Amino acid sequence: MLKPNAHYGDLQESYLFYNIGQKVQAYLDAHPGAKLYRMGIGDVSLPLCPAVIEALHQGVADQSVKERFHGYMPECGAPFLRQAIAAHYEKRGVKLDPEEVFVSSGASDELGDILDLFDRSSTALVLEPAYPAYVDANIMAGRKIVHLAASRENGFLPAPTEDLDADILYLCSPNNPTGAVFSRAQLQAWVDFANEKGALILFDAAYEAFIEEPDLPHSIFELPGARTCAIEICSLSKTAGFTGTRLGYTILPKDLQRGGMDLHAMWVRNRTTKTNGVSYILQRGGAAVFTEEGQRQVMENLQVYKNNARTLMKAMEQLGLWYCGGKNAPYIWLRCPGGLSSWQFFDTLLQEIQVVGTPGEGFGACGEGYFRFSTFGSPEDTEEAARRLVQLLGKN
Ligand code: PLP
């Protein structure tokens, strides 16, 4: 008889956004037609930029003509897109072989699939609070997970300690949920630690495009030593509004070896076995993001979210609430006022002012007492949510 993967039984019963959805639905059932201000889940609200739309149309037109039609695409990505991404990195001083760029259907897929490269006995380190998929993907694989607590004291950017014993190190910068960003020196400490211990960093750079300060690293490969200890997982979801269109990329250097095995060659073998590549049309759309015009347009969209961040940060400051993030990241991470737990604060905001945020506790135990606002909503909703927050909390 088939034995199912019993590790699924170790997963927490319900997912954070599922719980939020249930509570929101219950509120709407009790208050039909109520208008909600959704500052919770991190989905974008602006459409794809014109350069991407034009390239997608061109891709569709190509598929209608025998001479330009594309069937199966190369499993690891179309050369035109791999080259465009490598050229984009080169502008930041990071030299990549285009074959080190793997085109994907998004970061979530990659964060799960990449674990195929590692033995199940390896231990994963998660800096908490964390994006929930890191933990769940490893629980499904039966891996041991070690947690390192981030806190207000370390700016939600913990440093490695000598006694840390883990093989796969998840780092996310700019961070979801805290919006904290590693400085060069802080990230270098992790690179040096990984090289020294023979560990491997999975660097989640899904929010790199939000970095404004020139000295903060967008890519881990800006740091010496990263080519022998890191894999970078990127996404066009938040950078360019591809959440529903699905496109991402992973950088896996050819220098990466562990236990006498070549991880780049292993990943090529994995992709050529488990995928048949990403659609030609989408890759055409993705390549447009890396053109001069595409970059100008996606940055214009990001400015809208950055203005939302400024609106919310102003409200936090007016209220004297402790927060981090918002400047180089699309998330604001704040301390719940009045000693409320994060779910109590969630309920208060939903019931009193119809604002929906994300309880910090959903990102791990040390997120308790904190709360996340996303800045991906419309400017109108964000301004109204900020006004309501100030009105409600300014009373106390
Ligand atoms: N990594 C982080 C930190 C995220 O917040 C998200 C999405 O919210 C993802 C990865 C997944 O991105 P994608 O839409 O490319 O699957």
# chains A, B, ... in the order shown; residues from 1 in each chain; ligands from 1
>>> residues_near_ligand(ligand="ligand 1", cutoff="6 Å", atoms="only C-alpha atoms and all ligand atoms", output="list in words")
Gly42, Gly106, Ala107, Ser108, Tyr131, Asn176, Asp204, Ala206, Ser235, Ser237, Thr243 and Gly248 of chain A
>>> write_last_selection(atoms="N, CA, C and O atoms", output="compact mmCIF listing (two decimals), in the first residue's frame")
# COMPACT_ATOMS: atom_id res chain seq x y z
N GLY A 42 0.70 40.59 0.37
CA GLY A 42 1.61 41.38 -0.46
C GLY A 42 1.39 41.23 -1.96
O GLY A 42 2.36 40.99 -2.69
N GLY A 106 8.79 31.79 -11.00
CA GLY A 106 8.58 32.61 -9.79
C GLY A 106 9.40 32.07 -8.63
O GLY A 106 9.86 30.93 -8.66
N ALA A 107 9.55 32.91 -7.62
CA ALA A 107 10.41 32.54 -6.50
C ALA A 107 9.82 31.41 -5.66
O ALA A 107 10.56 30.57 -5.14
N SER A 108 8.50 31.35 -5.53
CA SER A 108 7.90 30.30 -4.70
C SER A 108 8.26 28.93 -5.23
O SER A 108 8.64 28.04 -4.46
N TYR A 131 9.28 34.65 6.08
CA TYR A 131 8.30 34.28 5.06
C TYR A 131 7.95 32.80 5.29
O TYR A 131 8.85 31.95 5.35
N ASN A 176 10.95 40.27 4.07
CA ASN A 176 9.52 40.09 4.31
C ASN A 176 9.43 39.21 5.56
O ASN A 176 9.97 38.10 5.53
N ASP A 204 17.09 35.23 -0.71
CA ASP A 204 15.82 35.59 -1.34
C ASP A 204 15.84 37.10 -1.59
O ASP A 204 15.77 37.90 -0.66
N ALA A 206 13.67 38.82 -3.55
CA ALA A 206 12.40 39.17 -4.22
C ALA A 206 12.10 40.68 -4.17
O ALA A 206 11.37 41.19 -5.01
N SER A 235 12.59 37.37 -8.29
CA SER A 235 11.23 37.29 -8.82
C SER A 235 10.88 38.60 -9.50
O SER A 235 11.33 39.67 -9.05
N SER A 237 7.77 39.36 -9.57
CA SER A 237 6.43 39.59 -9.02
C SER A 237 6.25 40.99 -8.47
O SER A 237 5.30 41.69 -8.82
N THR A 243 2.96 39.12 -10.36
CA THR A 243 2.43 38.13 -9.41
C THR A 243 1.47 37.15 -10.10
O THR A 243 1.48 35.96 -9.80
N GLY A 248 10.34 34.49 -12.78
CA GLY A 248 11.42 34.79 -11.83
C GLY A 248 12.72 34.26 -12.39
O GLY A 248 12.77 33.76 -13.53
>>> residues_around(residues="Gly155 in chain A", least_positions_apart="4", cutoff="10 Å", atoms="only C-alpha atoms", output="list in words")
Ala150, Ser151, Thr178, Ala180, Val181, Phe182, Cys324 and Gly325 of chain A
>>> write_last_selection(atoms="N, CA, C and O atoms", output="PDB file, in the first residue's frame")
ATOM      1  N   ALA A 150      15.228  37.100  15.303  1.00  0.00           N
ATOM      2  CA  ALA A 150      15.539  38.496  15.030  1.00  0.00           C
ATOM      3  C   ALA A 150      14.704  39.308  16.017  1.00  0.00           C
ATOM      4  O   ALA A 150      13.659  38.850  16.488  1.00  0.00           O
ATOM      5  N   SER A 151      15.182  40.481  16.343  1.00  0.00           N
ATOM      6  CA  SER A 151      14.447  41.274  17.326  1.00  0.00           C
ATOM      7  C   SER A 151      14.726  42.751  17.086  1.00  0.00           C
ATOM      8  O   SER A 151      15.604  43.117  16.294  1.00  0.00           O
ATOM      9  N   THR A 178       9.793  42.105   7.788  1.00  0.00           N
ATOM     10  CA  THR A 178      10.204  43.251   8.618  1.00  0.00           C
ATOM     11  C   THR A 178      10.647  44.474   7.820  1.00  0.00           C
ATOM     12  O   THR A 178      10.801  45.550   8.399  1.00  0.00           O
ATOM     13  N   ALA A 180      13.519  45.017   6.897  1.00  0.00           N
ATOM     14  CA  ALA A 180      14.918  45.312   7.234  1.00  0.00           C
ATOM     15  C   ALA A 180      15.832  44.873   6.081  1.00  0.00           C
ATOM     16  O   ALA A 180      15.534  43.896   5.385  1.00  0.00           O
ATOM     17  N   VAL A 181      16.936  45.588   5.894  1.00  0.00           N
ATOM     18  CA  VAL A 181      17.853  45.292   4.785  1.00  0.00           C
ATOM     19  C   VAL A 181      19.272  45.137   5.325  1.00  0.00           C
ATOM     20  O   VAL A 181      19.751  46.004   6.072  1.00  0.00           O
ATOM     21  N   PHE A 182      19.941  44.053   4.951  1.00  0.00           N
ATOM     22  CA  PHE A 182      21.331  43.854   5.378  1.00  0.00           C
ATOM     23  C   PHE A 182      22.250  44.884   4.745  1.00  0.00           C
ATOM     24  O   PHE A 182      22.160  45.138   3.537  1.00  0.00           O
ATOM     25  N   CYS A 324       9.938  49.528  11.719  1.00  0.00           N
ATOM     26  CA  CYS A 324      11.087  49.522  10.817  1.00  0.00           C
ATOM     27  C   CYS A 324      10.564  49.185   9.426  1.00  0.00           C
ATOM     28  O   CYS A 324       9.381  48.883   9.251  1.00  0.00           O
ATOM     29  N   GLY A 325      11.460  49.250   8.422  1.00  0.00           N
ATOM     30  CA  GLY A 325      11.050  48.997   7.035  1.00  0.00           C
ATOM     31  C   GLY A 325      10.438  50.229   6.409  1.00  0.00           C
ATOM     32  O   GLY A 325      10.515  51.327   6.964  1.00  0.00           O
TER      33      GLY A 325
END
>>> select_by_dssp(residues="range 224-298 of chain A", states="strand (DSSP E or B)", output="PyMOL selection string")
chain A and resi 230-235+248-251+257-258+261-262
>>> residues_around(residues="range 13-22 of chain A", least_positions_apart="6", cutoff="8 Å", atoms="only C-alpha atoms", output="NGL selection string")
:A and (41 or 358 or 362)
>>> atom_distance(atom1="CA of Pro79 in chain A", atom2="CA of Leu256 in chain A")
21.5 Å
>>> closest_residue(among="A:Leu247, A:Ala130, A:Cys76, A:Leu36", to="Gly286 in chain A", atoms="only C-alpha atoms")
A:Leu247
>>> atom_distance(atom1="CA of Leu223 in chain A", atom2="CA of Leu187 in chain A")
7.9 Å
>>> select_by_dssp(residues="range 171-367 of chain A", states="helix (DSSP H, G or I)", output="PyMOL selection string")
chain A and resi 184-197+208-210+220-222+226-228+237-240+263-274+280-289+292-319+337-339+342-353+360-363+365-367
>>> residues_around(residues="Met73 in chain A", least_positions_apart="4", cutoff="9 Å", atoms="only C-alpha atoms", output="list of chain:residue names")
A:Gly77, A:Ala78, A:Asn276, A:Gly277, A:Val278, A:Ser279, A:Tyr280
>>> residues_around(residues="Asp215 in chain A", least_positions_apart="5", cutoff="12 Å", atoms="only C-alpha atoms", output="PDB file with all heavy atoms, in the first residue's frame")
ATOM      1  N   ARG A  92      25.622  46.468 -12.182  1.00  0.00           N
ATOM      2  CA  ARG A  92      25.875  46.640 -10.742  1.00  0.00           C
ATOM      3  C   ARG A  92      27.251  46.122 -10.343  1.00  0.00           C
ATOM      4  O   ARG A  92      27.536  45.954  -9.164  1.00  0.00           O
ATOM      5  CB  ARG A  92      24.855  45.802  -9.962  1.00  0.00           C
ATOM      6  CG  ARG A  92      23.595  46.492  -9.779  1.00  0.00           C
ATOM      7  CD  ARG A  92      22.830  45.792  -8.662  1.00  0.00           C
ATOM      8  NE  ARG A  92      21.463  46.050  -8.901  1.00  0.00           N
ATOM      9  CZ  ARG A  92      20.536  45.138  -9.050  1.00  0.00           C
ATOM     10  NH1 ARG A  92      20.829  43.862  -8.930  1.00  0.00           N
ATOM     11  NH2 ARG A  92      19.308  45.482  -9.282  1.00  0.00           N
ATOM     12  N   VAL A 181      16.936  45.588   5.894  1.00  0.00           N
ATOM     13  CA  VAL A 181      17.853  45.292   4.785  1.00  0.00           C
ATOM     14  C   VAL A 181      19.272  45.137   5.325  1.00  0.00           C
ATOM     15  O   VAL A 181      19.751  46.004   6.072  1.00  0.00           O
ATOM     16  CB  VAL A 181      17.849  46.441   3.734  1.00  0.00           C
ATOM     17  CG1 VAL A 181      18.679  46.050   2.508  1.00  0.00           C
ATOM     18  CG2 VAL A 181      16.433  46.794   3.325  1.00  0.00           C
ATOM     19  N   PHE A 182      19.941  44.053   4.951  1.00  0.00           N
ATOM     20  CA  PHE A 182      21.331  43.854   5.378  1.00  0.00           C
ATOM     21  C   PHE A 182      22.250  44.884   4.745  1.00  0.00           C
ATOM     22  O   PHE A 182      22.160  45.138   3.537  1.00  0.00           O
ATOM     23  CB  PHE A 182      21.837  42.465   4.953  1.00  0.00           C
ATOM     24  CG  PHE A 182      21.377  41.345   5.846  1.00  0.00           C
ATOM     25  CD1 PHE A 182      20.556  40.343   5.354  1.00  0.00           C
ATOM     26  CD2 PHE A 182      21.790  41.285   7.174  1.00  0.00           C
ATOM     27  CE1 PHE A 182      20.135  39.298   6.172  1.00  0.00           C
ATOM     28  CE2 PHE A 182      21.372  40.248   8.003  1.00  0.00           C
ATOM     29  CZ  PHE A 182      20.546  39.258   7.499  1.00  0.00           C
ATOM     30  N   SER A 183      23.152  45.422   5.556  1.00  0.00           N
ATOM     31  CA  SER A 183      24.223  46.266   5.013  1.00  0.00           C
ATOM     32  C   SER A 183      25.245  45.315   4.391  1.00  0.00           C
ATOM     33  O   SER A 183      25.202  44.098   4.616  1.00  0.00           O
ATOM     34  CB  SER A 183      24.875  47.072   6.132  1.00  0.00           C
ATOM     35  OG  SER A 183      25.604  46.189   6.972  1.00  0.00           O
ATOM     36  N   ARG A 184      26.196  45.892   3.662  1.00  0.00           N
ATOM     37  CA  ARG A 184      27.259  45.079   3.074  1.00  0.00           C
ATOM     38  C   ARG A 184      28.017  44.300   4.159  1.00  0.00           C
ATOM     39  O   ARG A 184      28.272  43.104   4.014  1.00  0.00           O
ATOM     40  CB  ARG A 184      28.241  46.013   2.374  1.00  0.00           C
ATOM     41  CG  ARG A 184      28.258  45.866   0.904  1.00  0.00           C
ATOM     42  CD  ARG A 184      28.944  47.049   0.248  1.00  0.00           C
ATOM     43  NE  ARG A 184      27.997  47.631  -0.675  1.00  0.00           N
ATOM     44  CZ  ARG A 184      27.721  47.113  -1.866  1.00  0.00           C
ATOM     45  NH1 ARG A 184      28.360  46.050  -2.296  1.00  0.00           N
ATOM     46  NH2 ARG A 184      26.818  47.652  -2.644  1.00  0.00           N
ATOM     47  N   ALA A 185      28.362  44.992   5.251  1.00  0.00           N
ATOM     48  CA  ALA A 185      29.168  44.353   6.305  1.00  0.00           C
ATOM     49  C   ALA A 185      28.372  43.217   6.958  1.00  0.00           C
ATOM     50  O   ALA A 185      28.909  42.143   7.237  1.00  0.00           O
ATOM     51  CB  ALA A 185      29.575  45.390   7.346  1.00  0.00           C
ATOM     52  N   GLU A 222      27.276  40.723  -4.990  1.00  0.00           N
ATOM     53  CA  GLU A 222      28.079  41.945  -4.906  1.00  0.00           C
ATOM     54  C   GLU A 222      29.191  41.766  -3.869  1.00  0.00           C
ATOM     55  O   GLU A 222      30.093  42.593  -3.781  1.00  0.00           O
ATOM     56  CB  GLU A 222      27.190  43.141  -4.505  1.00  0.00           C
ATOM     57  CG  GLU A 222      26.216  43.562  -5.592  1.00  0.00           C
ATOM     58  CD  GLU A 222      25.262  44.649  -5.123  1.00  0.00           C
ATOM     59  OE1 GLU A 222      25.680  45.569  -4.414  1.00  0.00           O
ATOM     60  OE2 GLU A 222      24.058  44.548  -5.473  1.00  0.00           O
ATOM     61  N   ASN A 328      13.414  51.005   2.204  1.00  0.00           N
ATOM     62  CA  ASN A 328      14.023  50.208   1.128  1.00  0.00           C
ATOM     63  C   ASN A 328      13.236  48.928   0.883  1.00  0.00           C
ATOM     64  O   ASN A 328      13.770  47.956   0.355  1.00  0.00           O
ATOM     65  CB  ASN A 328      15.463  49.867   1.510  1.00  0.00           C
ATOM     66  CG  ASN A 328      16.299  51.115   1.692  1.00  0.00           C
ATOM     67  OD1 ASN A 328      16.541  51.848   0.736  1.00  0.00           O
ATOM     68  ND2 ASN A 328      16.708  51.386   2.922  1.00  0.00           N
TER      69      ASN A 328
END
>>> residues_around(residues="Thr375 in chain A", least_positions_apart="4", cutoff="6 Å", atoms="only C-alpha atoms", output="list in words")
Tyr305, Asn308, Ala309 and Pro330 of chain A
>>> residues_around(residues="range 270-274 of chain A", least_positions_apart="4", cutoff="12 Å", atoms="only C-alpha atoms", output="PyMOL selection string")
chain A and resi 72-77+102-105+109-110+113-117+250+263-266+278
>>> atom_distance(atom1="CA of Gly198 in chain A", atom2="CA of Val146 in chain A")
16.6 Å
>>> closest_residue(among="A:Lys23, A:His57, A:His7, A:Arg269", to="Met140 in chain A", atoms="only C-alpha atoms")
A:His7
>>> closest_residue(among="A:Leu202, A:Val101, A:Val298, A:Leu340", to="Ala51 in chain A", atoms="only C-alpha atoms")
A:Val298
>>> closest_residue(among="A:Ile251, A:Ala365, A:Ala288, A:Ala30", to="His147 in chain A", atoms="only C-alpha atoms")
A:Ala365
